[in-house]
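As stored in model_31.txt (compact mmCIF, C-alpha atoms):
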# COMPACT_ATOMS: atom_id res chain seq x y z
CA MET L 1 -117.13 66.64 99.78
CA LEU L 2 -120.31 64.64 100.25
CA GLN L 3 -122.68 64.21 97.32
CA PRO L 4 -125.31 61.55 96.63
CA GLY L 5 -123.33 58.47 95.67
CA ARG L 6 -119.86 59.70 96.61
CA LEU L 7 -117.65 60.98 99.41
CA ALA L 8 -114.35 62.64 98.49
CA PHE L 9 -111.71 63.38 101.12
CA THR L 10 -108.31 65.03 100.85
CA GLY L 11 -106.13 65.13 103.94
CA ASP L 12 -104.09 63.26 106.52
CA VAL L 13 -104.01 59.46 106.55
CA GLY L 14 -104.10 57.80 109.94
CA THR L 15 -104.21 54.18 111.04
CA THR L 16 -107.31 51.98 111.02
CA GLU L 17 -108.06 48.52 112.30
CA PRO L 18 -109.09 45.87 109.72
CA HIS L 19 -112.52 46.70 108.36
CA ALA L 20 -114.66 46.43 105.24
CA HIS L 21 -117.22 48.86 103.89
CA ALA L 22 -119.94 48.94 101.28
CA ALA L 23 -118.34 51.65 99.17
CA LEU L 24 -115.75 51.22 96.44
CA GLN L 25 -112.67 53.04 97.76
CA VAL L 26 -110.03 54.81 95.68
CA LEU L 27 -106.84 55.80 97.52
CA ILE L 28 -104.21 58.09 95.95
CA VAL L 29 -101.24 58.92 98.14
CA THR L 30 -100.00 62.48 97.66
CA ALA L 31 -97.38 62.74 100.45
CA GLY L 32 -95.55 60.45 102.83
CA THR L 33 -96.04 56.70 102.95
CA VAL L 34 -99.20 54.60 103.30
CA GLU L 35 -99.32 50.86 103.91
CA LEU L 36 -102.33 48.65 103.18
CA ALA L 37 -102.96 45.22 104.65
CA ASP L 38 -105.44 42.69 103.28
CA ALA L 39 -107.36 39.82 104.88
CA HIS L 40 -104.43 37.48 104.19
CA HIS L 41 -102.16 39.62 106.42
CA THR L 42 -100.17 40.77 103.40
CA ARG L 43 -98.85 44.30 103.89
CA ARG L 44 -97.72 46.58 101.09
CA ARG L 45 -96.67 50.19 100.79
CA VAL L 46 -98.80 51.77 98.05
CA ARG L 47 -98.94 54.91 95.95
CA ALA L 48 -102.49 54.20 94.83
CA ALA L 49 -105.08 51.45 95.26
CA ILE L 50 -108.67 50.73 94.31
CA ILE L 51 -110.36 48.59 96.98
CA PRO L 52 -113.58 46.80 95.97
CA PRO L 53 -116.67 46.78 98.18
CA ARG L 54 -116.66 44.33 101.13
CA ALA L 55 -112.89 43.77 100.90
CA ARG L 56 -111.38 43.63 104.38
CA HIS L 57 -108.37 45.92 104.77
CA ALA L 58 -106.38 48.03 107.21
CA VAL L 59 -104.56 51.31 106.63
CA ARG L 60 -101.39 52.61 108.24
CA GLY L 61 -100.23 56.12 107.43
CA GLY L 62 -96.65 57.16 108.12
CA PRO L 63 -95.58 60.59 109.42
CA GLY L 64 -96.96 63.34 107.21
CA ALA L 65 -98.97 60.92 105.06
CA ARG L 66 -101.68 62.55 102.97
CA ALA L 67 -103.98 61.20 100.30
CA ASP L 68 -106.99 61.76 98.11
CA MET L 69 -109.70 59.24 98.96
CA LEU L 70 -112.91 58.56 97.10
CA TYR L 71 -115.77 56.42 98.37
CA LEU L 72 -118.24 55.51 95.61
CA ASP L 73 -121.55 53.76 96.18
CA PRO L 74 -121.46 50.59 94.03
CA ALA L 75 -125.12 51.18 93.17
CA GLY L 76 -124.37 54.64 91.78
CA GLY L 77 -123.48 55.49 88.21
CA ALA L 78 -119.79 56.22 88.86
CA GLY L 79 -119.40 53.18 91.10
CA ARG L 80 -121.10 50.83 88.63
CA ARG L 81 -119.03 52.04 85.69
CA LEU L 82 -115.80 51.78 87.62
CA LEU L 83 -116.59 48.26 88.82
CA THR L 84 -117.44 47.27 85.25
CA ALA L 85 -114.15 48.68 83.97
CA LEU L 86 -112.05 46.77 86.49
CA THR L 87 -111.25 43.11 87.01
CA TRP L 88 -109.79 41.74 90.23
CA PRO L 89 -108.42 38.19 89.96
CA GLY L 90 -108.53 38.16 93.76
CA ARG L 91 -110.69 40.97 95.11
CA ASP L 92 -109.39 40.44 98.65
CA ARG L 93 -105.65 40.87 97.89
CA VAL L 94 -103.72 44.11 98.15
CA SER L 95 -101.69 43.26 95.02
CA ASP L 96 -104.87 43.30 92.96
CA TRP L 97 -105.96 46.63 94.44
CA VAL L 98 -102.67 48.14 93.32
CA THR L 99 -102.98 46.56 89.85
CA ALA L 100 -106.46 48.04 89.49
CA ALA L 101 -105.08 51.48 90.34
CA HIS L 102 -102.28 51.11 87.78
CA ALA L 103 -104.91 50.30 85.14
CA LEU L 104 -106.87 53.50 85.70
CA LEU L 105 -104.28 55.80 87.27
CA PRO L 106 -101.04 55.12 85.39
CA GLU L 107 -99.77 58.68 85.76
CA ARG L 108 -100.41 58.71 89.53
CA THR L 109 -98.86 55.40 90.61
CA GLY L 110 -95.23 55.65 89.51
CA ALA L 111 -92.62 58.36 89.79
CA GLY L 112 -94.16 61.74 90.37
CA ALA L 113 -97.33 60.14 91.68
CA GLY L 114 -98.02 63.16 93.83
CA ASP L 115 -98.08 65.51 90.85
CA GLY L 116 -101.03 66.50 88.73
CA PRO L 117 -104.65 67.42 89.48
CA ARG L 118 -105.67 67.21 93.13
CA ASP L 119 -109.44 67.47 92.70
CA PRO L 120 -110.90 64.03 93.52
CA ALA L 121 -114.20 64.90 91.84
CA ALA L 122 -112.31 65.49 88.59
CA LEU L 123 -111.09 61.90 88.74
CA VAL L 124 -114.66 60.63 88.91
CA ARG L 125 -115.64 62.78 85.94
CA ALA L 126 -112.64 61.57 83.96
CA TRP L 127 -113.54 57.91 84.50
CA THR L 128 -117.27 58.05 83.89
CA ALA L 129 -119.61 59.38 81.29
CA PRO L 130 -121.28 62.58 82.51
CA VAL L 131 -124.67 62.11 84.10
CA PRO L 132 -126.96 64.99 83.10
CA GLY L 133 -128.76 66.98 85.73
CA PRO L 134 -132.40 66.17 86.42
CA ARG L 135 -134.50 67.40 83.53
CA HIS L 136 -137.92 65.95 84.17
CA PRO L 137 -140.05 68.53 86.03
CA ALA L 138 -141.59 65.87 88.31
CA LEU L 139 -138.13 64.72 89.37
CA ARG L 140 -137.08 68.30 90.09
CA LYS L 141 -140.19 68.73 92.25
CA ALA L 142 -139.49 65.44 94.05
CA LEU L 143 -135.95 66.57 94.85
CA ASP L 144 -137.31 69.83 96.25
CA LEU L 145 -139.76 67.95 98.48
CA LEU L 146 -137.41 65.29 99.83
CA PRO L 147 -135.39 67.42 102.30
CA GLU L 148 -138.60 68.37 104.13
CA LEU L 149 -139.62 64.71 104.50
CA LEU L 150 -136.42 63.18 105.85
CA ALA L 151 -137.40 63.17 109.52
CA GLY L 152 -139.85 60.32 108.83
CA PRO L 153 -140.40 57.51 106.34
CA VAL L 154 -139.99 58.62 102.74
CA ARG L 155 -141.98 56.14 100.70
CA LEU L 156 -141.60 56.25 96.94
CA THR L 157 -145.35 55.79 96.49
CA ASP L 158 -146.12 58.86 98.64
CA LEU L 159 -143.53 60.98 96.85
CA ALA L 160 -144.83 59.82 93.48
CA ASP L 161 -148.38 60.80 94.46
CA ALA L 162 -147.13 64.26 95.45
CA VAL L 163 -145.58 64.84 92.02
CA HIS L 164 -148.43 63.14 90.10
CA LEU L 165 -146.43 60.21 88.70
CA SER L 166 -146.58 56.47 89.19
CA ALA L 167 -144.06 55.05 91.63
CA SER L 168 -142.45 52.95 88.90
CA ARG L 169 -142.02 55.98 86.64
CA LEU L 170 -140.51 58.14 89.39
CA GLY L 171 -138.20 55.32 90.45
CA HIS L 172 -137.03 55.00 86.85
CA LEU L 173 -136.29 58.74 86.72
CA PHE L 174 -134.08 58.52 89.81
CA THR L 175 -132.02 55.74 88.26
CA ALA L 176 -131.91 57.21 84.75
CA GLU L 177 -131.22 60.86 85.57
CA LEU L 178 -129.43 60.71 88.94
CA ALA L 179 -127.66 57.36 88.41
CA LEU L 180 -128.84 56.19 91.85
CA PRO L 181 -131.78 53.93 92.71
CA TYR L 182 -134.33 55.74 94.87
CA PRO L 183 -133.56 53.95 98.19
CA VAL L 184 -129.83 54.53 97.72
CA TYR L 185 -130.34 58.20 96.95
CA VAL L 186 -132.45 58.64 100.10
CA ARG L 187 -129.78 56.95 102.25
CA TRP L 188 -127.14 59.38 100.99
CA ILE L 189 -129.21 62.50 101.58
CA ARG L 190 -130.09 61.24 105.06
CA LEU L 191 -126.37 60.95 105.79
CA ARG L 192 -125.72 64.42 104.47
CA ARG L 193 -128.62 65.87 106.45
CA ALA L 194 -127.43 64.23 109.67
CA ILE L 195 -123.95 65.67 109.21
CA GLU L 196 -125.39 69.13 108.51
CA LEU L 197 -127.53 69.00 111.68
CA ALA L 198 -124.63 67.80 113.82
CA ARG L 199 -122.43 70.54 112.43
CA ASP L 200 -125.13 73.02 113.46
CA SER L 201 -124.73 71.92 117.11
CA ALA L 202 -127.31 69.12 117.23
CA THR L 203 -126.34 66.09 119.30
CA LEU L 204 -125.69 62.89 117.40
CA THR L 205 -129.06 61.53 118.51
CA GLU L 206 -130.87 64.72 117.46
CA ALA L 207 -129.08 64.71 114.10
CA ALA L 208 -129.98 61.05 113.56
CA HIS L 209 -133.66 61.64 114.33
CA GLY L 210 -133.76 64.77 112.19
CA ALA L 211 -132.41 62.84 109.23
CA GLY L 212 -134.74 59.87 109.69
CA PHE L 213 -132.43 57.36 111.36
CA ALA L 214 -133.77 55.38 114.30
CA ASP L 215 -131.13 56.73 116.69
CA GLY L 216 -127.49 57.75 116.93
CA SER L 217 -126.39 54.12 116.89
CA HIS L 218 -128.22 53.55 113.61
CA LEU L 219 -126.49 56.56 112.05
CA THR L 220 -123.12 55.33 113.31
CA ARG L 221 -123.71 51.85 111.86
CA VAL L 222 -124.59 53.28 108.45
CA CYS L 223 -121.49 55.49 108.43
CA HIS L 224 -119.25 52.58 109.39
CA GLU L 225 -120.95 50.35 106.82
CA MET L 226 -120.49 52.84 104.00
CA PHE L 227 -117.08 54.34 104.77
CA GLY L 228 -115.48 52.59 107.73
CA LEU L 229 -115.71 55.94 109.52
CA ALA L 230 -117.71 57.29 112.47
CA PRO L 231 -120.01 60.32 112.02
CA SER L 232 -117.80 62.29 114.44
CA GLN L 233 -114.95 61.96 111.92
CA LEU L 234 -117.04 63.51 109.17
CA ILE L 235 -119.03 66.23 110.91
CA HIS L 236 -116.42 68.99 110.89
CA LEU L 237 -114.61 67.92 107.72
CA VAL L 238 -117.25 67.38 105.06
CA ARG L 239 -118.84 70.10 102.99
CA ALA L 240 -121.90 69.39 100.91

Can you dump the structure from the file as structure tokens?
Amino acid sequence: MLQPGRLAFTGDVGTTEPHAHAALQVLIVTAGTVELADAHHTRRRVRAAIIPPRARHAVRGGPGARADMLYLDPAGGAGRRLLTALTWPGRDRVSDWVTAAHALLPERTGAGAGDGPRDPAALVRAWTAPVPGPRHPALRKALDLLPELLAGPVRLTDLADAVHLSASRLGHLFTAELALPYPVYVRWIRLRRAIELARDSATLTEAAHGAGFADGSHLTRVCHEMFGLAPSQLIHLVRA
């Protein structure tokens, strides 16, 4: 599930090389065994972990390993609130990632950790205060216009002119009502648009151009930066 500010994934866990991404990652193992390694080469089998942004880590899933995984933009409402609620004595150590998960997921990290609700989006709602839907009519109009503008530059000043607001006022509405700053929101809807185009048989380059990225390499870099994943891994899995 891909929404502005969050990617939720439920499924098989494979093996990744050491990497770091911009998103805050929540990992909840629901079957099998999963091992995390940190930048200090410490390896640990985990039931759940919360990995802060920019923390270098590697994942190794055992046979039949499955998990719920959430990637939250640290600039988004859910990501900001979660980061505020957590403290990591050492943000680059796997032991602290597990401790953070115990603090917020006590019923999911001990015995019976695979039981209970499986909807990752419900976890986000449980942790964070609800963000109301856009109420201001100018913001609603801006959101209607944005998908048609993604193939090119989407300047806040131009969008504000189109909805008859100042750029500062429209930018404030994005942050206040969508819990995402305007540039961050645009990045997420570009990603979603590129995945939709690729799923509709566009090449990676065509999907990148259609969503406003410079080329397929630019789209790939953004995906790796945000999630540690390539677009090809998301195209056939993610639903909007």

Inset, instruction - Can you pull out every residue within 8 Å of segment 44-56 of chain L, counting only C-alpha atoms, but drop anything in the same chain fewer than 5 positions away, and send it as a PyMOL selection string? - result: chain L and resi 18-30+33-39+74+83+91-92+94-95+97-102+105+108-110+113

If I wrap all listed atoms of segment 157-167 of chain L in a box with edges along x, y and z and add 8 Å on each side, what are its centre and edge lengths in Å to one decimal, as lines of an AutoDock Vina configuration file?
center_x = -146.0
center_y = 59.9
center_z = 93.7
size_x = 20.9
size_y = 25.8
size_z = 25.9

Inset, instruction - Tell me, in Å to one decimal, how far atom CA of Ile235 of chain L is from atom CA of Gly11 of chain L. - result: 14.7 Å

Inset, instruction - Using all atoms listed in the file, find all polymer residues with an atom at most 12 Å away from the point (-136.3, 55.4, 96.1); report them as number ranges by chain. - result: L: 139, 142-143, 146, 153-160, 167-175, 178-189

Inset, instruction - Kindly give the distance, in Å, that separates atom CA of Ser201 of chain L and atom CA of Leu234 of chain L, rounded to a single decimal. - result: 13.9 Å

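Picture a line from atom CA of Tyr71 of chain L to atom CA of Ala214 of chain L; it runs 24.1 Å.
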
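Comparing the minimum interatomic distances between Pro147 of chain L and each of L:Gly90, L:Gly5, L:Gly62, L:Gly210, counting only C-alpha atoms, we find that L:Gly210 sits nearest.
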
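With all atoms listed in the file as the atoms that count, the residue of L:Phe213, L:Gly77, L:Asp68, L:His236 with the shortest distance to Asp200 of chain L is L:His236.
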
Legend entry - From L:Leu2, L:Ser166, L:Gly228, L:Ala208, residue lying nearest Glu17 of chain L [all atoms listed in the file]: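 Between L:Leu2, L:Ser166, L:Gly228, L:Ala208, the residue approaching Glu17 of chain L most closely is L:Gly228.
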
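For the set L:Asp73, L:Asp12, L:Glu196, L:Asp96, the residue with the smallest atom-to-atom gap to Met226 of chain L is L:Asp73, counting all atoms listed in the file.
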
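Protein and nucleic acid residues near (-117.2, 58.2, 110.9) are L:Leu7, L:Thr16, L:His21, L:Leu191, L:Ala194, L:Ile195, L:Leu204, L:Gly216, L:Ser217, L:Leu219, L:Thr220, L:Arg221, L:Val222, L:Cys223, L:His224, L:Glu225, L:Met226, L:Phe227, L:Gly228, L:Leu229, L:Ala230, L:Pro231, L:Ser232, L:Gln233, L:Leu234, L:Ile235, L:His236, L:Leu237, L:Val238, the criterion being any atom at most 12 Å away using all atoms listed in the file.
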
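If only C-alpha atoms are the atoms counted, then among L:Val13, L:Met1, L:Ala138, L:Ala207 the closest residue to Val59 of chain L is L:Val13.
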
Legend entry - Exercise: Arg190 of chain L partners within 8 Å, all atoms listed in the file, chain neighbours under 6 positions left out, as a ChimeraX atom specification: /L:150,211-213

Legend entry - Residue among L:His57, L:His218, L:Arg135, L:Arg193 lying closest to Arg93 of chain L, counting only C-alpha atoms: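 Using only C-alpha atoms, the shortest distance to Arg93 of chain L belongs to L:His57.
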
Please complete segment 156-167 of chain L with all heavy atoms and give it back as a short mmCIF file (atom, residue, chain, number, x, y, z; two decimals), keeping the file's coordinate frame.
data_model
loop_
_atom_site.label_atom_id
_atom_site.label_comp_id
_atom_site.auth_asym_id
_atom_site.auth_seq_id
_atom_site.Cartn_x
_atom_site.Cartn_y
_atom_site.Cartn_z
N LEU L 156 -141.57 55.86 98.35
CA LEU L 156 -141.60 56.25 96.94
C LEU L 156 -143.03 56.47 96.46
O LEU L 156 -143.29 57.40 95.69
CB LEU L 156 -140.91 55.17 96.10
CG LEU L 156 -140.87 55.41 94.59
CD1 LEU L 156 -140.15 56.70 94.25
CD2 LEU L 156 -140.21 54.22 93.88
N THR L 157 -143.96 55.65 96.93
CA THR L 157 -145.35 55.79 96.49
C THR L 157 -145.92 57.14 96.93
O THR L 157 -146.62 57.80 96.15
CB THR L 157 -146.21 54.66 97.06
OG1 THR L 157 -145.99 54.56 98.48
CG2 THR L 157 -145.85 53.33 96.41
N ASP L 158 -145.62 57.57 98.16
CA ASP L 158 -146.12 58.86 98.64
C ASP L 158 -145.50 60.01 97.86
O ASP L 158 -146.18 60.98 97.51
CB ASP L 158 -145.81 59.02 100.14
CG ASP L 158 -146.53 58.01 101.00
OD1 ASP L 158 -147.56 57.47 100.53
OD2 ASP L 158 -146.08 57.76 102.13
N LEU L 159 -144.20 59.93 97.60
CA LEU L 159 -143.53 60.98 96.85
C LEU L 159 -144.06 61.03 95.43
O LEU L 159 -144.28 62.12 94.86
CB LEU L 159 -142.02 60.75 96.86
CG LEU L 159 -141.15 61.87 96.31
CD1 LEU L 159 -141.31 63.15 97.13
CD2 LEU L 159 -139.68 61.45 96.30
N ALA L 160 -144.30 59.88 94.84
CA ALA L 160 -144.83 59.82 93.48
C ALA L 160 -146.22 60.45 93.42
O ALA L 160 -146.54 61.19 92.47
CB ALA L 160 -144.86 58.38 92.99
N ASP L 161 -147.05 60.18 94.42
CA ASP L 161 -148.38 60.80 94.46
C ASP L 161 -148.26 62.32 94.51
O ASP L 161 -149.03 63.04 93.87
CB ASP L 161 -149.16 60.30 95.67
CG ASP L 161 -149.64 58.86 95.52
OD1 ASP L 161 -149.65 58.37 94.38
OD2 ASP L 161 -149.97 58.24 96.55
N ALA L 162 -147.29 62.81 95.29
CA ALA L 162 -147.13 64.26 95.45
C ALA L 162 -146.71 64.95 94.17
O ALA L 162 -147.00 66.13 93.98
CB ALA L 162 -146.11 64.55 96.56
N VAL L 163 -146.04 64.23 93.28
CA VAL L 163 -145.58 64.84 92.02
C VAL L 163 -146.38 64.33 90.82
O VAL L 163 -146.02 64.57 89.67
CB VAL L 163 -144.08 64.59 91.80
CG1 VAL L 163 -143.27 65.20 92.94
CG2 VAL L 163 -143.75 63.12 91.65
N HIS L 164 -147.47 63.58 91.12
CA HIS L 164 -148.43 63.14 90.10
C HIS L 164 -147.78 62.22 89.05
O HIS L 164 -147.98 62.37 87.84
CB HIS L 164 -149.08 64.34 89.41
CG HIS L 164 -149.64 65.34 90.38
ND1 HIS L 164 -150.69 65.05 91.22
CD2 HIS L 164 -149.27 66.62 90.67
CE1 HIS L 164 -150.96 66.12 91.97
NE2 HIS L 164 -150.11 67.08 91.65
N LEU L 165 -147.00 61.26 89.56
CA LEU L 165 -146.43 60.21 88.70
C LEU L 165 -146.67 58.87 89.36
O LEU L 165 -146.95 58.79 90.57
CB LEU L 165 -144.92 60.40 88.52
CG LEU L 165 -144.41 61.42 87.50
CD1 LEU L 165 -142.89 61.33 87.43
CD2 LEU L 165 -145.00 61.21 86.12
N SER L 166 -146.56 57.80 88.59
CA SER L 166 -146.58 56.47 89.19
C SER L 166 -145.26 56.23 89.90
O SER L 166 -144.23 56.82 89.56
CB SER L 166 -146.79 55.40 88.12
OG SER L 166 -145.64 55.32 87.28
N ALA L 167 -145.29 55.36 90.90
CA ALA L 167 -144.06 55.05 91.63
C ALA L 167 -143.01 54.43 90.72
O ALA L 167 -141.81 54.75 90.83
CB ALA L 167 -144.38 54.11 92.80
#
